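What follows is one structure encoded as structure tokens, with my remarks underneath.
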Amino acid sequence: MKVTWLGHAAFLLEGKDRILVDPFLSGNPMASMKAEDVECDIVCVTHAHGDHYGDAVAIAKGNDAPIVAIYEVATMAQALGPDIVGMNIGGSTKVGDTRITMTNAIHSSCFVGDGKIEAGGNPAGFVIDSGSRVYHSGDTGVFGDMRLIGELYEPELALLPIGDFYTMGIREATKAVELLSTPTVIPMHYNTFEAIQQDPREFKNSVSMKTSSEAVILKPGESYSLG
Ligand code: NI
Ligand code: MN
């Protein structure tokens with residue numbers, strides 16, 4: 001599987017299918033790609049916040065790709081036209097040749113528009129098996145049941161936020177890697193905004209000192225070959 005970081009929490013996973021996760025590209029100062037240039041088969045959205053939901057609807061419609069998200073987020077998107085898969089935490093489903101499991105995340109989730117806040121269901125993460133198994137945690141704090149995610153789904157790669165403030169920082173993300181026992185982790189959700197400045201090399205050192213896993217640092221636009 002080819003894993004490309006598009007900046008912030010956006011990744012393109014090219015395995016049996018091409019899965020786009022959390023496509024916040026328009027308005028993202030770190031985006032490595034324009035929304036209209038993305039080609040994918042499935043769009044996964046972890047929660048309703050704009051830096052994750054982003055361009056999901058436009059890209060899904062442009063690619064004839066379904067949006068996979070928690071029921072509330074999927075239902076909001078459906079009104080705008082794309083096909084949806086509105087699932088919930090703990091469940092798995094097959095989309096194309098890809099098995100997608102929705103996992104817990106400790107965070108908040110809502111749509112914001114015109115100064116109004118609308119419910120966005122619970123925030124979530126995904127384990128995506130499209131030839132290789134990848135865990136995208138979404139925005140979350142560290143939680144002990146990450147050990148369960150590791151045991152049940154045995155992800156080969158974890159994509160974890162390290163930006164702190166809105167999510168885990170380096171100390172917590174290192175503990176998450178230990179709980180998940182994934183051989184490899186790629187940090188995300190840092191340096192996009194002033195509030196989440198972080199040195200990924202500090203995370204890499206922390207992971208190599210405290211766990212038996214390895215952190216791979218990507219620049220937006222760079223890819224990692226998994227499996
Ligand atoms: Ni968020
Ligand atoms: Mn976020």
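Ligands are numbered from 1 in the order shown, chains are lettered A, B, ... in the order of the structure tokens, and residues start at 1 in each chain.
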
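Residues surrounding Ala119 of chain A within 12 Å are His47, Ala48, His49, Ile70, Tyr71, Glu72, Val73, Thr75, Met76, Ser108, Ser109, Cys110, Phe111, Val112, Gly113 and Pro123 of chain A [only C-alpha atoms; sequence separation below 4 positions excluded].
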
Could those residues be written to a file, using C-alpha atoms, as a PDB file, in the first residue's frame?
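Output saved as part_19.pdb:
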ATOM      1  CA  HIS A  47     -15.522  13.788  12.484  1.00  0.00           C
ATOM      2  CA  ALA A  48     -17.389  16.947  11.532  1.00  0.00           C
ATOM      3  CA  HIS A  49     -14.732  19.587  12.316  1.00  0.00           C
ATOM      4  CA  ILE A  70     -20.467   8.221  11.543  1.00  0.00           C
ATOM      5  CA  TYR A  71     -24.229   8.266  10.965  1.00  0.00           C
ATOM      6  CA  GLU A  72     -24.720  11.967  11.833  1.00  0.00           C
ATOM      7  CA  VAL A  73     -21.877  13.236   9.632  1.00  0.00           C
ATOM      8  CA  THR A  75     -26.484  12.097   6.944  1.00  0.00           C
ATOM      9  CA  MET A  76     -25.464  15.787   6.825  1.00  0.00           C
ATOM     10  CA  SER A 108     -15.617  16.538  20.173  1.00  0.00           C
ATOM     11  CA  SER A 109     -17.438  16.861  16.853  1.00  0.00           C
ATOM     12  CA  CYS A 110     -19.756  19.476  15.380  1.00  0.00           C
ATOM     13  CA  PHE A 111     -20.507  21.451  12.247  1.00  0.00           C
ATOM     14  CA  VAL A 112     -19.999  25.219  12.512  1.00  0.00           C
ATOM     15  CA  GLY A 113     -21.699  27.602  10.106  1.00  0.00           C
ATOM     16  CA  PRO A 123     -15.749  11.670  16.785  1.00  0.00           C
TER      17      PRO A 123
END

Would you tabulate, counting only C-alpha atoms and all ligand atoms, all residues of chain A that have an atom at most 8 Å from an atom of ligand 2, showing the closest pair of atoms and their distance in Å to one decimal, sorted by chain then ascending number, as a Markdown table?
| residue | atom | partner | partner_atom_place_in_ligand_line | distance |
| --- | --- | --- | --- | --- |
| A:His8 | CA | ligand 2 | 1 (Mn) | 8.0 |
| A:Ala9 | CA | ligand 2 | 1 (Mn) | 7.2 |
| A:His49 | CA | ligand 2 | 1 (Mn) | 6.5 |
| A:Gly50 | CA | ligand 2 | 1 (Mn) | 7.7 |
| A:Asp51 | CA | ligand 2 | 1 (Mn) | 5.3 |
| A:His52 | CA | ligand 2 | 1 (Mn) | 6.2 |
| A:Gly138 | CA | ligand 2 | 1 (Mn) | 7.6 |
| A:Asp139 | CA | ligand 2 | 1 (Mn) | 5.5 |
| A:Tyr166 | CA | ligand 2 | 1 (Mn) | 6.8 |
| A:Thr167 | CA | ligand 2 | 1 (Mn) | 7.6 |
| A:His189 | CA | ligand 2 | 1 (Mn) | 6.8 |

From a backbone DSSP assignment, name each residue in segment 54-102 of chain A labelled strand (DSSP E), as a PyMOL selection string. chain A and resi 67-70+84-87+92-95+98-102

Output of the above residues as a short mmCIF file (atom, residue, chain, number, x, y, z; two decimals), in the first residue's frame, restricted to C-alpha atoms:
data_model
loop_
_atom_site.label_atom_id
_atom_site.label_comp_id
_atom_site.auth_asym_id
_atom_site.auth_seq_id
_atom_site.Cartn_x
_atom_site.Cartn_y
_atom_site.Cartn_z
CA ILE A 67 -18.39 9.11 2.10
CA VAL A 68 -17.83 6.76 5.03
CA ALA A 69 -18.49 8.49 8.35
CA ILE A 70 -20.47 8.22 11.54
CA ILE A 84 -22.86 7.65 1.98
CA VAL A 85 -22.04 4.83 4.34
CA GLY A 86 -23.29 6.00 7.75
CA MET A 87 -21.85 3.58 10.27
CA SER A 92 -17.04 -2.83 10.41
CA THR A 93 -18.18 -2.77 6.81
CA LYS A 94 -16.87 -3.70 3.39
CA VAL A 95 -16.70 -0.91 0.81
CA THR A 98 -11.70 -2.56 1.60
CA ARG A 99 -12.74 -3.46 5.11
CA ILE A 100 -13.37 -0.42 7.30
CA THR A 101 -13.80 -0.52 11.08
CA MET A 102 -14.91 2.55 13.02
#

Work out how far apart atom CA of Met30 of chain A and atom CA of Val57 of chain A are and give it in Å to one decimal. 20.1 Å

List every residue of segment 91-207 of chain A that DSSP, applied to the backbone, labels as alpha helix (DSSP H), and write the result as a list of chain:residue names. A:Met146, A:Arg147, A:Leu148, A:Ile149, A:Gly150, A:Glu151, A:Leu152, A:Tyr153, A:Ile170, A:Arg171, A:Glu172, A:Ala173, A:Thr174, A:Lys175, A:Ala176, A:Val177, A:Glu178, A:Leu179, A:Leu180, A:Pro200, A:Arg201, A:Glu202, A:Phe203, A:Lys204, A:Asn205, A:Ser206, A:Val207

Save out the residues we just selected, C-alpha atoms, as a PDB file, in the first residue's frame.
ATOM      1  CA  MET A 146      -5.974   1.607  22.035  1.00  0.00           C
ATOM      2  CA  ARG A 147      -4.491  -1.658  23.305  1.00  0.00           C
ATOM      3  CA  LEU A 148      -7.746  -3.378  22.228  1.00  0.00           C
ATOM      4  CA  ILE A 149      -7.534  -1.795  18.777  1.00  0.00           C
ATOM      5  CA  GLY A 150      -4.006  -3.169  18.495  1.00  0.00           C
ATOM      6  CA  GLU A 151      -5.021  -6.645  19.671  1.00  0.00           C
ATOM      7  CA  LEU A 152      -8.203  -6.935  17.600  1.00  0.00           C
ATOM      8  CA  TYR A 153      -7.139  -5.449  14.263  1.00  0.00           C
ATOM      9  CA  ILE A 170       4.230  13.876  21.876  1.00  0.00           C
ATOM     10  CA  ARG A 171       4.156  12.274  25.330  1.00  0.00           C
ATOM     11  CA  GLU A 172       0.610  10.919  24.862  1.00  0.00           C
ATOM     12  CA  ALA A 173       1.155   9.829  21.251  1.00  0.00           C
ATOM     13  CA  THR A 174       4.233   7.869  22.337  1.00  0.00           C
ATOM     14  CA  LYS A 175       2.064   6.043  24.901  1.00  0.00           C
ATOM     15  CA  ALA A 176      -0.499   5.431  22.129  1.00  0.00           C
ATOM     16  CA  VAL A 177       2.174   3.750  19.997  1.00  0.00           C
ATOM     17  CA  GLU A 178       3.133   1.569  22.959  1.00  0.00           C
ATOM     18  CA  LEU A 179      -0.536   0.556  23.509  1.00  0.00           C
ATOM     19  CA  LEU A 180      -1.177  -0.128  19.808  1.00  0.00           C
ATOM     20  CA  PRO A 200       8.328  15.644  14.713  1.00  0.00           C
ATOM     21  CA  ARG A 201      11.978  14.645  15.330  1.00  0.00           C
ATOM     22  CA  GLU A 202      11.250  14.898  19.050  1.00  0.00           C
ATOM     23  CA  PHE A 203       8.395  12.418  18.539  1.00  0.00           C
ATOM     24  CA  LYS A 204      10.633  10.115  16.511  1.00  0.00           C
ATOM     25  CA  ASN A 205      13.232  10.089  19.306  1.00  0.00           C
ATOM     26  CA  SER A 206      10.594   9.524  21.965  1.00  0.00           C
ATOM     27  CA  VAL A 207       9.120   6.555  20.052  1.00  0.00           C
TER      28      VAL A 207
END

Show me, as a tab-separated table, the residues of segment 65-184 of chain A having an atom within 9 Å of segment 214-223 of chain A, each with the closest atom pair and its distance in Å, using only C-alpha atoms.
residue	atom	partner	partner_atom	distance
A:Thr182	CA	A:Glu214	CA	8.7
A:Pro183	CA	A:Glu214	CA	6.3
A:Thr184	CA	A:Glu214	CA	4.9

Selected residues written out with all heavy atoms, as a PDB file, in the first residue's frame:
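Okay, out21.pdb is ready:
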ATOM      1  N   THR A 182       1.925  -0.983  17.023  1.00  0.00           N
ATOM      2  CA  THR A 182       2.126  -1.004  15.565  1.00  0.00           C
ATOM      3  C   THR A 182       3.619  -0.863  15.285  1.00  0.00           C
ATOM      4  O   THR A 182       4.293  -0.082  15.950  1.00  0.00           O
ATOM      5  CB  THR A 182       1.411   0.173  14.881  1.00  0.00           C
ATOM      6  OG1 THR A 182       1.791   1.370  15.551  1.00  0.00           O
ATOM      7  CG2 THR A 182      -0.077   0.028  14.926  1.00  0.00           C
ATOM      8  N   PRO A 183       4.137  -1.607  14.326  1.00  0.00           N
ATOM      9  CA  PRO A 183       5.571  -1.492  14.026  1.00  0.00           C
ATOM     10  C   PRO A 183       5.960  -0.086  13.578  1.00  0.00           C
ATOM     11  O   PRO A 183       7.062   0.364  13.844  1.00  0.00           O
ATOM     12  CB  PRO A 183       5.793  -2.494  12.884  1.00  0.00           C
ATOM     13  CG  PRO A 183       4.547  -3.305  12.764  1.00  0.00           C
ATOM     14  CD  PRO A 183       3.451  -2.635  13.515  1.00  0.00           C
ATOM     15  N   THR A 184       5.030   0.593  12.908  1.00  0.00           N
ATOM     16  CA  THR A 184       5.357   1.900  12.317  1.00  0.00           C
ATOM     17  C   THR A 184       4.272   2.923  12.655  1.00  0.00           C
ATOM     18  O   THR A 184       3.090   2.588  12.699  1.00  0.00           O
ATOM     19  CB  THR A 184       5.483   1.771  10.780  1.00  0.00           C
ATOM     20  OG1 THR A 184       6.345   0.680  10.488  1.00  0.00           O
ATOM     21  CG2 THR A 184       6.043   3.029  10.155  1.00  0.00           C
TER      22      THR A 184
END

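Compared by their closest atoms to ligand 1, and using only C-alpha atoms and all ligand atoms, the residues A:Gln78, A:Ser181, A:Asn122, A:Asn88 rank with A:Asn122 nearest.
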
Shell around Ala158 of chain A at 8 Å using only C-alpha atoms, local window under 3 positions removed, as a short mmCIF file (atom, residue, chain, number, x, y, z; two decimals) with N, CA, C and O atoms, in the first residue's frame:
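What follows is the written file part.cif:
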data_model
loop_
_atom_site.label_atom_id
_atom_site.label_comp_id
_atom_site.auth_asym_id
_atom_site.auth_seq_id
_atom_site.Cartn_x
_atom_site.Cartn_y
_atom_site.Cartn_z
N VAL A 134 -4.22 -0.14 8.24
CA VAL A 134 -3.80 1.18 8.73
C VAL A 134 -4.82 1.69 9.74
O VAL A 134 -6.03 1.63 9.50
N TYR A 135 -4.33 2.18 10.86
CA TYR A 135 -5.19 2.82 11.86
C TYR A 135 -5.00 4.33 11.77
O TYR A 135 -3.90 4.84 12.01
N HIS A 136 -6.07 5.06 11.42
CA HIS A 136 -6.09 6.53 11.45
C HIS A 136 -6.93 6.90 12.67
O HIS A 136 -8.13 6.64 12.69
N SER A 137 -6.29 7.48 13.67
CA SER A 137 -6.99 7.67 14.96
C SER A 137 -7.99 8.81 14.93
O SER A 137 -8.78 8.94 15.85
N PRO A 155 -3.15 -3.42 13.36
CA PRO A 155 -2.71 -2.50 12.30
C PRO A 155 -1.18 -2.53 12.14
O PRO A 155 -0.45 -2.65 13.12
N VAL A 177 1.41 4.70 20.81
CA VAL A 177 2.17 3.75 20.00
C VAL A 177 2.47 2.50 20.81
O VAL A 177 2.35 1.37 20.32
N THR A 182 1.93 -0.98 17.02
CA THR A 182 2.13 -1.00 15.57
C THR A 182 3.62 -0.86 15.28
O THR A 182 4.29 -0.08 15.95
N THR A 184 5.03 0.59 12.91
CA THR A 184 5.36 1.90 12.32
C THR A 184 4.27 2.92 12.65
O THR A 184 3.09 2.59 12.70
N VAL A 185 4.69 4.16 12.87
CA VAL A 185 3.74 5.26 13.12
C VAL A 185 4.18 6.47 12.30
O VAL A 185 5.37 6.75 12.16
N ILE A 186 3.20 7.15 11.72
CA ILE A 186 3.45 8.42 11.02
C ILE A 186 2.71 9.52 11.78
O ILE A 186 1.49 9.41 11.97
#

Of the candidates A:Glu39, A:Gly54, A:Ala105, A:Glu14, which one gets nearest to Ser26 of chain A if we count only C-alpha atoms? A:Gly54

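Atom CA of Ala195 of chain A lies 18.8 Å from atom CA of Val142 of chain A.
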
Spatial neighbours of Asp41 of chain A, 12 Å, only C-alpha atoms, chain gap at least 3 places, as a list in words: Leu12, Leu13, Glu14, Gly15, Lys16, Asp17, Arg18, Ile19, Leu20, Val21, Val38, Cys44, Ile59, Ala60, Lys61, Gly62, Asn63, Asp64, Ala65, Pro66, Ile67, Val68, Asp83, Val95, Gly96, Asp97, Thr98 and Ser130 of chain A
